[in-house]
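Accompanying notes for the structure given below.
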Amino acid sequence: MGLNLLSNLNETLLTIPNGTVIFSHPMISDIGVIINILKNEDLDIRRIDNISEQGYQIENVENLANLWLEEINNFTNQYPDDISTQKQIRKQSNGLVKLIPQPNEGTFIVDPFNMKSVEQNINIQLLASQQLQNTIVGKLNNQIVTIGRLLEVEGSVELVSLWTDPVNRRLGLAKKVIELLINHALEFPIYSFQKPSLIHYYQTEYRKYKSAEILPFDQLPKPLQRDLYYMNTFWGPYTIIRINL
């Protein structure tokens, strides 16, 4: 806790039609706003809240292989020339769906992402303040319009909490946050969880700065195998992109 994952970050400006966005680390007074944004967007709740008592119901276990087949077919049809990524997705998803044992359909699991909690028994405000040095926000007229951060999870670094205000999307704000996070990161590799429909976009963005690949499931760090497995069984297909040196 309190691990510094980013080198010194100077204020960076980006002009958009609505004005100039200033990118920097957030201030302590921004903590409440950031937490509310991420909770309202249902982003990274497992890493923001303390140990949850919410029970997540296992769904789509038996149908997960079919769901992945559909996702791979959709990706292949949309990006027929991206043979390399197609192969990477197949390898990771094949290992994922073959994982045994699988929970029974309808099983409720309480807070699976914190079975080996990295943020247990810590005040949420203290946790957030310790994360300020690893978080980047963009402000327009002193209002937060985009967020991104790096998070250490059991020895692995994840790129998380990527959010942009809907009014200001498609203006390059998320791209700028990604650029700043990756270019100022002190530790590599960095892992990014993505829905299959967004893989091509984010892998293309990451490759502007570093190499990025989708590893076979058994080559992922064990904590990330666990998180990816439960994300798939709760919410359907997700994959992990590794951003390398």
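Labeling convention for the structure tokens: chains A, B, ... as they appear, residues from 1 per chain, ligands from 1 in order of appearance.
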_Using only C-alpha atoms, which protein or nucleic acid residues come within 8 Å of A:Ile72? Drop anything in the same chain fewer than 4 positions from it, and give the result as an MDAnalysis selection string._
chainID A and resid 68 76 86 89:90 196
_With only C-alpha atoms as the counted atoms, please give the residues lying no more than 7 Å from A:Lys210, apart from itself and same-chain residues fewer than 5 positions off, as number ranges by chain._
A: 243-245
_Ranking A:Ile178, A:Leu13, A:Ile83, A:Leu67 by minimum distance to A:Val97 and counting only C-alpha atoms, which one comes first?_
A:Leu67
_Here is a test: counting only C-alpha atoms, which residue of A:His184, A:Gly138, A:Tyr230, A:Pro237 is nearest to A:Gly19?_
A:Gly138
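Using only C-alpha atoms, the smallest distance between any of A:Gln219, A:Ser156, A:Ser192, A:Asn168 and A:Val21 comes from A:Asn168.
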*Can you tell me, as a PyMOL selection string, what residues are no more than 7 Å from A:Pro216 when counting only C-alpha atoms, ignoring any on the same chain fewer than 3 positions away?*
chain A and resi 88+91-92+95+219
*Please run DSSP on the backbone and report, as a PyMOL selection string, all residues within stretch 135-177 of chain A that come out as alpha helix (DSSP H).*
chain A and resi 173-177
Export, as an mmCIF file, in the first residue's frame, the selected residues with C-alpha atoms.
```cif
data_model
loop_
_atom_site.group_PDB
_atom_site.id
_atom_site.type_symbol
_atom_site.label_atom_id
_atom_site.label_comp_id
_atom_site.auth_asym_id
_atom_site.auth_seq_id
_atom_site.Cartn_x
_atom_site.Cartn_y
_atom_site.Cartn_z
ATOM 1 C CA LEU A 173 -8.998 12.440 -23.368
ATOM 2 C CA ALA A 174 -8.757 8.699 -22.606
ATOM 3 C CA LYS A 175 -5.908 8.407 -25.134
ATOM 4 C CA LYS A 176 -4.008 11.144 -23.309
ATOM 5 C CA VAL A 177 -4.541 9.433 -19.941
#
```
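Between atom CA of A:Leu99 and atom CA of A:Trp235 there is a distance of 16.6 Å.
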_Residues near A:Val160, cut-off 7 Å, only C-alpha atoms, skip fewer than 6 positions along chain, as a ChimeraX atom specification_ = /A:148-151
Written selection (C-alpha atoms) as a compact mmCIF listing (two decimals), in the first residue's frame:
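Full text of selection.txt as output:
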```txt
# COMPACT_ATOMS: atom_id res chain seq x y z
CA GLY A 148 -7.09 6.65 -15.05
CA ARG A 149 -4.79 4.95 -12.55
CA LEU A 150 -2.31 2.16 -11.96
CA LEU A 151 -2.97 -0.34 -9.17
```
*Identify, on the basis of only C-alpha atoms, every residue whose closest approach to A:Thr239 does not exceed 7 Å; exclude the query and any residue fewer than 2 positions from it along the same chain; express the result as a VMD selection string.*
chain A and resid 193 to 196 228 237 241
Please produce an output containing C-alpha atoms for each residue in the selection, written as a compact mmCIF listing (two decimals), in the first residue's frame.
```
# COMPACT_ATOMS: atom_id res chain seq x y z
CA PHE A 193 -8.83 -6.10 -18.40
CA GLN A 194 -10.99 -5.55 -21.49
CA LYS A 195 -14.21 -6.72 -23.07
CA PRO A 196 -13.57 -8.50 -26.40
CA LEU A 228 -10.27 -13.01 -15.00
CA PRO A 237 -16.29 -12.76 -21.76
CA ILE A 241 -3.92 -7.45 -22.33
```
*Using only C-alpha atoms, which of A:Asn10, A:Tyr79, A:Arg226, A:Thr20 sits nearest A:Glu154?*
A:Arg226
*Which of these residues is nearest to A:Lys208, using only C-alpha atoms: A:Asn183, A:Glu152, A:Leu224, A:Pro189?*
A:Asn183
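Residues in contact range of A:Glu11, defined as at most 8 Å between only C-alpha atoms, with sequence neighbours fewer than 4 positions away removed, read A:Ile22, A:Phe23, A:Ser24.
Our summary of the geometry notes that atom CA of A:Phe75 is positioned 18.7 Å from atom CA of A:Phe217.
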*asked:* Report, in Å to a single decimal, how far apart atom CA of A:Tyr238 and atom CA of A:Pro26 are.
replied: 29.2 Å
_Nearby residues (only C-alpha atoms) at most 10 Å from stretch 16-18 of chain A, same-chain spacing under 5 positions excluded, as an NGL selection string_ = :A and (140-141 or 167-168 or 171-173)
